[in-house]
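This is entry-v6.pdb. It holds PDB, C-alpha atoms.
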```
MODEL        1
ATOM      1  CA  MET F   1     -25.849  17.610   0.560
ATOM      2  CA  THR F   2     -25.011  18.720  -2.925
ATOM      3  CA  SER F   3     -25.223  16.330  -5.847
ATOM      4  CA  TYR F   4     -21.465  16.687  -6.139
ATOM      5  CA  ASN F   5     -20.983  15.234  -2.679
ATOM      6  CA  ARG F   6     -23.524  12.521  -3.287
ATOM      7  CA  ALA F   7     -21.668  11.472  -6.438
ATOM      8  CA  THR F   8     -18.360  11.337  -4.585
ATOM      9  CA  LEU F   9     -19.798   9.333  -1.727
ATOM     10  CA  LEU F  10     -21.266   6.913  -4.219
ATOM     11  CA  ALA F  11     -17.825   6.630  -5.813
ATOM     12  CA  GLY F  12     -16.377   5.818  -2.381
ATOM     13  CA  VAL F  13     -18.942   3.083  -1.788
ATOM     14  CA  VAL F  14     -18.312   1.597  -5.237
ATOM     15  CA  VAL F  15     -14.553   1.610  -4.595
ATOM     16  CA  ALA F  16     -15.045   0.029  -1.160
ATOM     17  CA  VAL F  17     -17.228  -2.763  -2.564
ATOM     18  CA  VAL F  18     -15.333  -3.468  -5.785
ATOM     19  CA  VAL F  19     -11.744  -3.149  -4.549
ATOM     20  CA  GLY F  20     -12.059  -3.764  -0.807
ATOM     21  CA  GLY F  21     -14.880  -6.270  -0.972
ATOM     22  CA  ILE F  22     -14.333  -8.236  -4.170
ATOM     23  CA  LEU F  23     -10.844  -7.724  -5.670
ATOM     24  CA  SER F  24      -9.159  -8.201  -2.295
ATOM     25  CA  TYR F  25     -10.512 -11.753  -2.113
ATOM     26  CA  PHE F  26      -8.260 -12.660  -5.014
ATOM     27  CA  ALA F  27      -5.185 -11.147  -3.382
ATOM     28  CA  SER F  28      -1.991 -13.168  -3.265
ATOM     29  CA  ALA F  29      -1.599 -15.002   0.046
ATOM     30  CA  ASN F  30       2.192 -14.925  -0.232
ATOM     31  CA  PRO F  31       4.049 -13.058   2.517
ATOM     32  CA  ASP F  32       4.469  -9.386   1.610
ATOM     33  CA  GLY F  33       7.858  -7.825   0.910
ATOM     34  CA  LEU F  34       8.677  -7.052   4.533
ATOM     35  CA  GLU F  35       7.460 -10.445   5.831
ATOM     36  CA  LYS F  36       9.464 -12.256   3.150
ATOM     37  CA  PHE F  37      12.537 -10.192   4.045
ATOM     38  CA  GLN F  38      12.161 -11.069   7.729
ATOM     39  CA  GLU F  39      11.619 -14.758   6.937
ATOM     40  CA  ASP F  40      14.625 -14.917   4.622
ATOM     41  CA  LEU F  41      16.835 -13.349   7.270
ATOM     42  CA  GLY F  42      15.470 -15.575   9.995
ATOM     43  CA  ALA F  43      14.162 -12.566  11.871
ATOM     44  CA  ALA F  44      10.431 -13.230  11.797
ATOM     45  CA  GLN F  45      10.027 -13.557  15.568
ATOM     46  CA  PRO F  46       9.372 -10.417  17.626
ATOM     47  CA  VAL F  47      12.166  -9.607  20.070
ATOM     48  CA  HIS F  48      10.627  -6.664  21.910
ATOM     49  CA  GLU F  49       7.530  -6.034  23.972
ATOM     50  CA  GLY F  50       4.814  -4.991  21.577
ATOM     51  CA  VAL F  51       1.198  -3.922  21.565
ATOM     52  CA  GLU F  52      -1.150  -5.552  19.117
ATOM     53  CA  ALA F  53      -4.752  -4.447  18.929
ATOM     54  CA  PRO F  54      -7.200  -7.114  20.170
ATOM     55  CA  PRO F  55      -9.180  -8.820  17.393
ATOM     56  CA  LEU F  56     -12.495  -7.474  18.686
ATOM     57  CA  ALA F  57     -14.457  -7.609  15.473
ATOM     58  CA  PHE F  58     -11.924  -8.538  12.822
ATOM     59  CA  ARG F  59      -9.224 -11.161  12.625
ATOM     60  CA  GLU F  60      -6.757  -9.879  10.063
ATOM     61  CA  TYR F  61      -9.242  -8.545   7.527
ATOM     62  CA  ASN F  62     -12.003 -11.077   8.164
ATOM     63  CA  LEU F  63     -15.137 -10.117  10.061
ATOM     64  CA  LYS F  64     -14.956 -12.629  12.900
ATOM     65  CA  TRP F  65     -18.586 -13.708  12.959
ATOM     66  CA  LEU F  66     -18.449 -14.731   9.325
ATOM     67  CA  GLY F  67     -15.424 -16.947   9.887
ATOM     68  CA  GLU F  68     -13.124 -16.864   6.898
ATOM     69  CA  GLY F  69     -13.746 -16.829   3.209
ATOM     70  CA  PHE F  70     -15.325 -14.493   0.706
ATOM     71  CA  TRP F  71     -18.008 -12.825   2.827
ATOM     72  CA  ALA F  72     -15.847 -12.381   5.917
ATOM     73  CA  ASN F  73     -13.163 -10.748   3.789
ATOM     74  CA  ALA F  74     -15.684  -8.661   1.875
ATOM     75  CA  ALA F  75     -17.170  -7.353   5.115
ATOM     76  CA  GLY F  76     -13.707  -6.432   6.397
ATOM     77  CA  GLY F  77     -12.764  -4.646   3.187
ATOM     78  CA  VAL F  78     -16.009  -2.706   2.869
ATOM     79  CA  ILE F  79     -16.256  -1.735   6.543
ATOM     80  CA  GLY F  80     -12.583  -0.736   6.711
ATOM     81  CA  SER F  81     -12.716   1.373   3.550
ATOM     82  CA  LEU F  82     -15.894   3.128   4.656
ATOM     83  CA  ALA F  83     -14.465   3.680   8.150
ATOM     84  CA  VAL F  84     -11.485   5.479   6.624
ATOM     85  CA  MET F  85     -13.777   7.557   4.423
ATOM     86  CA  GLY F  86     -15.975   8.375   7.419
ATOM     87  CA  ILE F  87     -13.002   9.551   9.472
ATOM     88  CA  LEU F  88     -11.761  11.783   6.648
ATOM     89  CA  LEU F  89     -15.164  13.315   5.950
ATOM     90  CA  GLY F  90     -15.466  13.855   9.709
ATOM     91  CA  ILE F  91     -12.151  15.711   9.763
ATOM     92  CA  GLY F  92     -13.366  17.823   6.840
ATOM     93  CA  ARG F  93     -16.565  18.676   8.690
ATOM     94  CA  LEU F  94     -14.605  19.546  11.831
ATOM     95  CA  VAL F  95     -12.375  21.941   9.901
ATOM     96  CA  ARG F  96     -15.373  23.607   8.295
ATOM     97  CA  ARG F  97     -17.195  24.004  11.607
ATOM     98  CA  ARG F  98     -14.179  25.482  13.337
ATOM     99  CA  ARG F  99     -13.596  27.815  10.432
ATOM    100  CA  ALA F 100     -17.218  28.951  10.497
ATOM    101  CA  ALA F 101     -16.873  29.648  14.228
ATOM    102  CA  THR F 102     -13.760  31.792  13.796
ATOM    103  CA  ALA F 103     -15.259  33.552  10.787
ATOM    104  CA  GLY F 104     -18.316  34.377  12.932
ATOM    105  CA  GLN F 105     -16.150  35.913  15.650
ATOM    106  CA  GLU F 106     -14.142  37.949  13.173
ATOM    107  CA  SER F 107     -17.191  39.349  11.442
ATOM    108  CA  GLN F 108     -18.613  40.435  14.802
ATOM    109  CA  ALA F 109     -15.426  41.944  16.183
ATOM    110  CA  PRO F 110     -14.924  44.919  13.818
ATOM    111  CA  GLY F 111     -18.552  45.983  14.046
ATOM    112  CA  SER F 112     -18.758  46.029  17.845
TER     113      SER F 112
ATOM    114  CA  MET Q   1       5.149  -3.142   4.559
ATOM    115  CA  HIS Q   2       3.492  -2.723   7.948
ATOM    116  CA  ILE Q   3       5.921  -3.292  10.812
ATOM    117  CA  ALA Q   4       4.209  -5.722  13.187
ATOM    118  CA  SER Q   5       4.242  -5.401  16.959
ATOM    119  CA  GLY Q   6       7.370  -6.456  18.812
ATOM    120  CA  PHE Q   7       9.985  -5.570  16.214
ATOM    121  CA  LEU Q   8      10.845  -2.008  17.215
ATOM    122  CA  SER Q   9      12.703  -1.025  20.371
ATOM    123  CA  PRO Q  10      11.119   1.660  22.580
ATOM    124  CA  PRO Q  11      13.624   4.381  21.576
ATOM    125  CA  VAL Q  12      12.930   3.758  17.889
ATOM    126  CA  TRP Q  13       9.137   3.565  18.050
ATOM    127  CA  GLY Q  14       9.061   6.412  20.567
ATOM    128  CA  THR Q  15      11.103   8.675  18.321
ATOM    129  CA  MET Q  16       9.039   7.814  15.274
ATOM    130  CA  ALA Q  17       5.789   8.299  17.168
ATOM    131  CA  ALA Q  18       6.973  11.798  18.046
ATOM    132  CA  VAL Q  19       8.097  12.553  14.475
ATOM    133  CA  SER Q  20       4.900  11.271  12.848
ATOM    134  CA  GLY Q  21       2.778  12.866  15.571
ATOM    135  CA  ALA Q  22       4.384  16.203  14.786
ATOM    136  CA  ALA Q  23       3.884  15.628  11.043
ATOM    137  CA  LEU Q  24       0.197  14.857  11.619
ATOM    138  CA  ALA Q  25      -0.272  17.855  13.914
ATOM    139  CA  GLY Q  26       1.430  20.115  11.383
ATOM    140  CA  SER Q  27      -0.701  18.684   8.580
ATOM    141  CA  MET Q  28      -3.879  19.279  10.590
ATOM    142  CA  ALA Q  29      -2.776  22.873  11.210
ATOM    143  CA  VAL Q  30      -2.221  23.383   7.489
ATOM    144  CA  ALA Q  31      -5.581  21.787   6.716
ATOM    145  CA  GLY Q  32      -7.272  24.031   9.271
ATOM    146  CA  ARG Q  33      -5.970  27.132   7.541
ATOM    147  CA  ARG Q  34      -5.928  26.180   3.894
ATOM    148  CA  LEU Q  35      -8.207  23.212   3.288
ATOM    149  CA  ASP Q  36     -10.279  23.781   0.187
ATOM    150  CA  GLU Q  37     -13.639  22.249   1.073
ATOM    151  CA  ARG Q  38     -14.057  20.922  -2.431
ATOM    152  CA  ARG Q  39     -11.126  18.648  -1.682
ATOM    153  CA  VAL Q  40     -12.794  16.864   1.248
ATOM    154  CA  PRO Q  41     -14.848  14.389  -0.827
ATOM    155  CA  LEU Q  42     -11.734  13.501  -2.827
ATOM    156  CA  MET Q  43      -9.862  12.907   0.424
ATOM    157  CA  GLY Q  44     -12.590  10.531   1.574
ATOM    158  CA  VAL Q  45     -12.811   8.580  -1.658
ATOM    159  CA  MET Q  46      -9.044   8.319  -2.073
ATOM    160  CA  GLY Q  47      -8.748   7.178   1.542
ATOM    161  CA  ALA Q  48     -11.262   4.400   0.859
ATOM    162  CA  PHE Q  49      -9.429   3.516  -2.341
ATOM    163  CA  VAL Q  50      -5.953   3.307  -0.811
ATOM    164  CA  PHE Q  51      -7.226   1.291   2.164
ATOM    165  CA  ALA Q  52      -8.947  -1.150  -0.178
ATOM    166  CA  ALA Q  53      -6.047  -1.267  -2.632
ATOM    167  CA  GLN Q  54      -3.651  -2.138   0.177
ATOM    168  CA  MET Q  55      -5.652  -5.343   0.698
ATOM    169  CA  VAL Q  56      -5.012  -6.434  -2.861
ATOM    170  CA  ASN Q  57      -1.643  -8.174  -2.631
ATOM    171  CA  PHE Q  58      -0.186  -8.972  -6.031
ATOM    172  CA  PRO Q  59       2.435 -11.709  -6.502
ATOM    173  CA  ILE Q  60       6.006 -10.665  -7.235
ATOM    174  CA  LEU Q  61       9.183 -12.755  -7.500
ATOM    175  CA  ALA Q  62       8.906 -16.269  -6.081
ATOM    176  CA  GLY Q  63       6.678 -16.686  -3.063
ATOM    177  CA  THR Q  64       6.424 -12.994  -2.317
ATOM    178  CA  SER Q  65       3.671 -10.446  -2.678
ATOM    179  CA  GLY Q  66       3.405  -6.703  -2.546
ATOM    180  CA  HIS Q  67       0.641  -4.178  -2.238
ATOM    181  CA  LEU Q  68       0.181  -0.556  -3.175
ATOM    182  CA  GLY Q  69       1.526   1.958  -0.670
ATOM    183  CA  GLY Q  70      -0.548   4.834  -1.973
ATOM    184  CA  GLY Q  71       1.188   7.667  -0.122
ATOM    185  CA  PHE Q  72       2.943   8.869  -3.244
ATOM    186  CA  LEU Q  73      -0.369   8.896  -5.120
ATOM    187  CA  LEU Q  74      -2.064  10.852  -2.314
ATOM    188  CA  GLY Q  75       0.796  13.369  -2.200
ATOM    189  CA  ILE Q  76       0.260  14.104  -5.885
ATOM    190  CA  LEU Q  77      -3.530  14.299  -5.792
ATOM    191  CA  LEU Q  78      -3.943  16.124  -2.471
ATOM    192  CA  GLY Q  79      -0.562  17.639  -1.620
ATOM    193  CA  ALA Q  80       1.689  16.338   1.139
ATOM    194  CA  PRO Q  81      -0.214  17.614   4.226
ATOM    195  CA  LEU Q  82      -3.610  16.215   3.224
ATOM    196  CA  GLY Q  83      -1.892  13.059   2.003
ATOM    197  CA  VAL Q  84      -0.344  12.543   5.439
ATOM    198  CA  ILE Q  85      -3.755  12.965   7.082
ATOM    199  CA  VAL Q  86      -5.290  10.356   4.758
ATOM    200  CA  MET Q  87      -2.430   7.864   5.219
ATOM    201  CA  GLY Q  88      -2.486   8.449   8.971
ATOM    202  CA  SER Q  89      -6.208   7.645   9.081
ATOM    203  CA  ILE Q  90      -5.713   4.493   7.025
ATOM    204  CA  LEU Q  91      -2.834   3.215   9.158
ATOM    205  CA  VAL Q  92      -4.665   3.942  12.418
ATOM    206  CA  VAL Q  93      -7.710   1.979  11.219
ATOM    207  CA  GLN Q  94      -5.465  -0.869  10.028
ATOM    208  CA  ALA Q  95      -3.577  -1.052  13.309
ATOM    209  CA  LEU Q  96      -6.501  -0.664  15.704
ATOM    210  CA  LEU Q  97      -9.236  -2.574  13.865
ATOM    211  CA  PHE Q  98      -7.369  -5.081  11.732
ATOM    212  CA  GLN Q  99      -4.122  -5.892  13.622
ATOM    213  CA  ASP Q 100      -2.177  -4.834  10.527
ATOM    214  CA  GLY Q 101       0.921  -3.193  11.975
ATOM    215  CA  GLY Q 102       1.781  -2.997  15.655
ATOM    216  CA  VAL Q 103       0.085  -0.305  17.708
ATOM    217  CA  GLU Q 104       3.433   0.847  19.118
ATOM    218  CA  ALA Q 105       4.881   0.831  15.564
ATOM    219  CA  LEU Q 106       2.164   3.188  14.286
ATOM    220  CA  GLY Q 107       4.457   6.221  14.194
ATOM    221  CA  ALA Q 108       7.136   4.328  12.270
ATOM    222  CA  ASN Q 109       4.559   2.949   9.834
ATOM    223  CA  ILE Q 110       3.013   6.385   9.282
ATOM    224  CA  PHE Q 111       6.501   7.722   8.598
ATOM    225  CA  VAL Q 112       7.510   5.131   5.991
ATOM    226  CA  MET Q 113       4.133   4.759   4.271
ATOM    227  CA  GLY Q 114       2.776   8.266   4.890
ATOM    228  CA  VAL Q 115       5.222  11.066   5.553
ATOM    229  CA  LEU Q 116       8.051   9.970   3.210
ATOM    230  CA  PRO Q 117       5.999   9.066   0.122
ATOM    231  CA  CYS Q 118       3.558  11.956   0.631
ATOM    232  CA  LEU Q 119       6.431  14.449   0.674
ATOM    233  CA  LEU Q 120       7.817  12.918  -2.533
ATOM    234  CA  GLY Q 121       4.350  13.001  -4.120
ATOM    235  CA  GLY Q 122       3.817  16.579  -3.019
ATOM    236  CA  ALA Q 123       7.149  17.468  -4.643
ATOM    237  CA  VAL Q 124       6.021  16.314  -8.092
ATOM    238  CA  ARG Q 125       2.397  17.477  -7.760
ATOM    239  CA  TRP Q 126       3.093  20.716  -9.643
ATOM    240  CA  LEU Q 127       4.029  18.731 -12.763
ATOM    241  CA  TRP Q 128       0.424  17.575 -13.027
ATOM    242  CA  THR Q 129      -1.082  21.008 -12.480
ATOM    243  CA  ARG Q 130       0.168  22.140 -15.855
ATOM    244  CA  GLU Q 131      -2.118  22.245 -18.857
ATOM    245  CA  ARG Q 132      -0.767  19.195 -20.712
ATOM    246  CA  PRO Q 133       1.430  16.861 -18.674
ATOM    247  CA  GLY Q 134       3.831  15.236 -21.108
ATOM    248  CA  LEU Q 135       6.168  12.275 -21.251
ATOM    249  CA  LEU Q 136       8.539  13.798 -18.693
ATOM    250  CA  THR Q 137       5.738  14.132 -16.134
ATOM    251  CA  HIS Q 138       4.769  10.514 -16.641
ATOM    252  CA  ALA Q 139       8.378   9.304 -16.406
ATOM    253  CA  VAL Q 140       9.132  11.357 -13.286
ATOM    254  CA  THR Q 141       5.945  10.123 -11.616
ATOM    255  CA  PHE Q 142       6.674   6.493 -12.465
ATOM    256  CA  LEU Q 143      10.238   6.738 -11.137
ATOM    257  CA  GLY Q 144       9.010   8.718  -8.145
ATOM    258  CA  GLY Q 145       6.666   5.858  -7.277
ATOM    259  CA  VAL Q 146       9.592   3.432  -7.376
ATOM    260  CA  LEU Q 147      11.690   5.785  -5.272
ATOM    261  CA  ALA Q 148       8.896   6.308  -2.730
ATOM    262  CA  VAL Q 149       8.626   2.563  -2.096
ATOM    263  CA  LEU Q 150      12.411   2.180  -1.879
ATOM    264  CA  ALA Q 151      12.604   5.093   0.559
ATOM    265  CA  GLY Q 152       9.992   3.443   2.762
ATOM    266  CA  ALA Q 153      11.695   0.038   2.550
ATOM    267  CA  THR Q 154      15.013   1.642   3.475
ATOM    268  CA  GLY Q 155      13.366   3.358   6.426
ATOM    269  CA  VAL Q 156      11.846   0.090   7.659
ATOM    270  CA  THR Q 157      15.216  -1.666   7.394
ATOM    271  CA  LEU Q 158      16.940   1.098   9.339
ATOM    272  CA  PHE Q 159      14.276   1.009  12.081
ATOM    273  CA  LEU Q 160      14.629  -2.780  12.398
ATOM    274  CA  TRP Q 161      18.409  -2.426  12.419
ATOM    275  CA  TRP Q 162      18.406   0.212  15.121
ATOM    276  CA  SER Q 163      15.982  -1.958  17.092
ATOM    277  CA  ARG Q 164      18.392  -4.938  16.852
ATOM    278  CA  SER Q 165      15.613  -6.963  15.257
ATOM    279  CA  LEU Q 166      17.895  -8.281  12.503
ATOM    280  CA  PRO Q 167      20.289 -11.192  13.017
ATOM    281  CA  ALA Q 168      23.761 -10.236  14.245
ATOM    282  CA  ASN Q 169      25.473 -11.999  11.341
ATOM    283  CA  VAL Q 170      23.710  -9.808   8.762
ATOM    284  CA  THR Q 171      25.284  -6.462   7.925
ATOM    285  CA  LEU Q 172      23.143  -3.395   7.363
ATOM    286  CA  ALA Q 173      24.299  -3.274   3.729
ATOM    287  CA  GLN Q 174      23.170  -6.870   3.184
ATOM    288  CA  ALA Q 175      19.820  -6.219   4.834
ATOM    289  CA  LEU Q 176      19.261  -3.097   2.742
ATOM    290  CA  GLY Q 177      20.236  -5.050  -0.376
ATOM    291  CA  VAL Q 178      17.646  -7.771   0.264
ATOM    292  CA  MET Q 179      14.873  -5.415   1.347
ATOM    293  CA  ASP Q 180      15.366  -2.904  -1.455
ATOM    294  CA  PHE Q 181      15.681  -5.611  -4.110
ATOM    295  CA  ILE Q 182      12.297  -7.040  -3.139
ATOM    296  CA  HIS Q 183      10.750  -3.600  -2.990
ATOM    297  CA  LEU Q 184      12.179  -2.523  -6.316
ATOM    298  CA  TRP Q 185       9.654  -4.863  -7.931
ATOM    299  CA  ILE Q 186       6.833  -3.637  -5.734
ATOM    300  CA  GLY Q 187       7.925  -0.079  -6.547
ATOM    301  CA  LEU Q 188       7.612  -0.681 -10.296
ATOM    302  CA  VAL Q 189       3.958  -1.605  -9.743
ATOM    303  CA  GLU Q 190       3.492   1.401  -7.435
ATOM    304  CA  GLY Q 191       4.898   3.714 -10.112
ATOM    305  CA  PHE Q 192       2.709   2.263 -12.834
ATOM    306  CA  VAL Q 193      -0.481   2.291 -10.756
ATOM    307  CA  THR Q 194       0.220   5.832  -9.542
ATOM    308  CA  VAL Q 195       0.517   7.171 -13.096
ATOM    309  CA  ALA Q 196      -2.655   5.348 -14.140
ATOM    310  CA  VAL Q 197      -4.742   6.527 -11.169
ATOM    311  CA  VAL Q 198      -3.521  10.139 -11.338
ATOM    312  CA  ARG Q 199      -4.435  10.229 -15.037
ATOM    313  CA  PHE Q 200      -7.840   8.723 -14.307
ATOM    314  CA  ILE Q 201      -8.691  11.079 -11.437
ATOM    315  CA  LEU Q 202      -7.533  14.127 -13.395
ATOM    316  CA  ALA Q 203      -9.691  13.001 -16.302
ATOM    317  CA  VAL Q 204     -12.865  12.627 -14.247
ATOM    318  CA  ARG Q 205     -12.408  15.162 -11.411
ATOM    319  CA  ARG Q 206      -9.745  17.676 -12.373
ATOM    320  CA  ASP Q 207     -11.580  20.374 -10.382
ATOM    321  CA  ALA Q 208     -11.364  18.387  -7.137
ATOM    322  CA  VAL Q 209      -7.627  17.859  -7.525
ATOM    323  CA  LEU Q 210      -6.659  21.353  -8.585
ATOM    324  CA  GLY Q 211      -9.498  23.386  -7.151
ATOM    325  CA  PRO Q 212     -11.671  25.391  -9.479
ATOM    326  CA  ALA Q 213      -9.583  25.959 -12.581
ATOM    327  CA  PRO Q 214      -8.132  29.449 -12.036
ATOM    328  CA  SER Q 215      -9.338  30.063 -15.538
ATOM    329  CA  VAL Q 216      -6.496  32.307 -16.662
ATOM    330  CA  LYS Q 217      -7.964  32.462 -20.129
ATOM    331  CA  GLY Q 218     -11.373  33.404 -18.792
ATOM    332  CA  THR Q 219     -10.123  36.313 -16.688
ATOM    333  CA  LEU Q 220      -7.814  37.645 -19.362
ATOM    334  CA  ALA Q 221     -10.415  37.525 -22.084
TER     335      ALA Q 221
ENDMDL
END
```

Write the structure described by the file as structure tokens, please.
Amino acid sequence: MTSYNRATLLAGVVVAVVVGGILSYFASANPDGLEKFQEDLGAAQPVHEGVEAPPLAFREYNLKWLGEGFWANAAGGVIGSLAVMGILLGIGRLVRRRRAATAGQESQAPGS
Amino acid sequence: MHIASGFLSPPVWGTMAAVSGAALAGSMAVAGRRLDERRVPLMGVMGAFVFAAQMVNFPILAGTSGHLGGGFLLGILLGAPLGVIVMGSILVVQALLFQDGGVEALGANIFVMGVLPCLLGGAVRWLWTRERPGLLTHAVTFLGGVLAVLAGATGVTLFLWWSRSLPANVTLAQALGVMDFIHLWIGLVEGFVTVAVVRFILAVRRDAVLGPAPSVKGTLA
């Protein structure tokens, strides 16, 4: 891992902790724009069959085992942010590996 | 702005799942061919940032809150295809892990918070690739942020309308009026934050946003 990558990963962790873990605790608990719109129109009840993910580990953004409050929210924010970063770095690695594989085939083909 | 489960009819969420699925597949194809590897760390960090920033609801108007969308920002910093991949990842994690947005509504949510704003962001990206972005670039980006949020809000309203999830005594024009008025205020924050973050990232990591500076001066000298 280059120092460049290490610096960026560190930046990601700092962002996850500061914004996802700490700032988010002070977020407004008011309904968001869409929820407010649905409430104002009296259309806040679902009318169709829907699929909601089961709250296996998190309820809303709180890590279930920590209940609610600062630490539960902080855990949700940090884990969620890092999960997103992990997925994206994984996609990047996948692209590189596939590209290396095709490059390998191409460099062999003309010579053989 | 996440549409929760149970508000979209099967034809609407099915169509949007197909549209956003195609957009994601196309974006992955583009990334497979053209992804500059130096952009991967930026993708990861910006993904973490937008996920986290979406948790930070700020109060607007009376009794309402809004949060950053981030798609417009990602479109500018990464281009539309990579932006769609980042927003798609965020919305999948939110829906599957955090019950934010219905699972069946994922395609619709990726469309209004990913595809639409990322395309708008990608359209103004070139303004920031110039040597010294001026007042016009800042103004266009600010207004683009407002527009991106309004476009998404309009999309959500249309999806709910088509799904018959709005009361029968409310006209589409009225619904759009209410929804877009609320989101105008959220959009002003989106525009402001987008300008600030783009300026910050360009200041600290210009190379990651634009690739290695094609150093026109260097090659000509």

### Task
Determine the residue membership of the PyMOL selection byres ((chain F) within 7 of (chain Q)) for the file above and supply it as a PyMOL selection string.
chain F and resi 5+8+11-12+15-16+19-20+23-24+27-28+30-34+36-37+43+46-53+55+58-61+77+81-82+84-85+88-89+92+95

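Coordinates place atom CA of Val209 of chain Q at a distance of 6.5 Å from atom CA of Leu78 of chain Q.
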
### Task
Find the residues near Arg130 of chain Q: any atom within 12 Å, counting only C-alpha atoms, skip ones fewer than 4 places away on the same chain, and give them as a ChimeraX atom specification.
/Q:124-126,134,137,202,206,210,213-214

As JSON, please report the centre and edge lengths, rounded to one decimal in Å, of the axis-aligned box that holds all listed atoms of segment 118-122 of chain Q with 6 Å of padding on each of the six sides.
```
{"center_x": 5.7, "center_y": 14.3, "center_z": -1.7, "size_x": 16.3, "size_y": 16.6, "size_z": 16.8}
```

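The residues caught by the PyMOL selection byres ((chain F and resi 70-75) around 8) in this file are Val17, Gly20, Gly21, Ile22, Ser24, Tyr25, Tyr61, Asn62, Leu63, Lys64, Trp65, Leu66, Gly67, Glu68, Gly69, Gly76, Gly77, Val78 and Ile79 of chain F.
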
### Query
Can you tell me how far atom CA of Pro81 of chain Q sits from atom CA of Ala139 of chain Q, in Å to one decimal?
23.8 Å

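One finds atom CA of Leu119 of chain Q at 15.4 Å from atom CA of Gly21 of chain Q.
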
### Task
Would you list the contacts of Thr141 of chain Q as number ranges by chain, taking every protein, DNA or RNA residue within 12 Å and counting all atoms listed in the file, but skipping same-chain residues closer than 4 positions in sequence?
Q: 72-73, 75-77, 117, 120-128, 133-137, 145-148, 187-188, 190-199

If you apply the PyMOL selection byres ((chain Q and resi 110-113) around 7) to this file, what residues do you get, as a PDB file with C-alpha atoms, in the frame of the given file?
```pdb
ATOM      1  CA  SER Q  20       4.900  11.271  12.848  1.00  0.00           C
ATOM      2  CA  GLY Q  69       1.526   1.958  -0.670  1.00  0.00           C
ATOM      3  CA  GLY Q  71       1.188   7.667  -0.122  1.00  0.00           C
ATOM      4  CA  MET Q  87      -2.430   7.864   5.219  1.00  0.00           C
ATOM      5  CA  GLY Q  88      -2.486   8.449   8.971  1.00  0.00           C
ATOM      6  CA  LEU Q  91      -2.834   3.215   9.158  1.00  0.00           C
ATOM      7  CA  LEU Q 106       2.164   3.188  14.286  1.00  0.00           C
ATOM      8  CA  GLY Q 107       4.457   6.221  14.194  1.00  0.00           C
ATOM      9  CA  ALA Q 108       7.136   4.328  12.270  1.00  0.00           C
ATOM     10  CA  ASN Q 109       4.559   2.949   9.834  1.00  0.00           C
ATOM     11  CA  GLY Q 114       2.776   8.266   4.890  1.00  0.00           C
ATOM     12  CA  VAL Q 115       5.222  11.066   5.553  1.00  0.00           C
ATOM     13  CA  LEU Q 116       8.051   9.970   3.210  1.00  0.00           C
ATOM     14  CA  PRO Q 117       5.999   9.066   0.122  1.00  0.00           C
ATOM     15  CA  GLY Q 152       9.992   3.443   2.762  1.00  0.00           C
ATOM     16  CA  GLY Q 155      13.366   3.358   6.426  1.00  0.00           C
ATOM     17  CA  VAL Q 156      11.846   0.090   7.659  1.00  0.00           C
TER      18      VAL Q 156
END
```
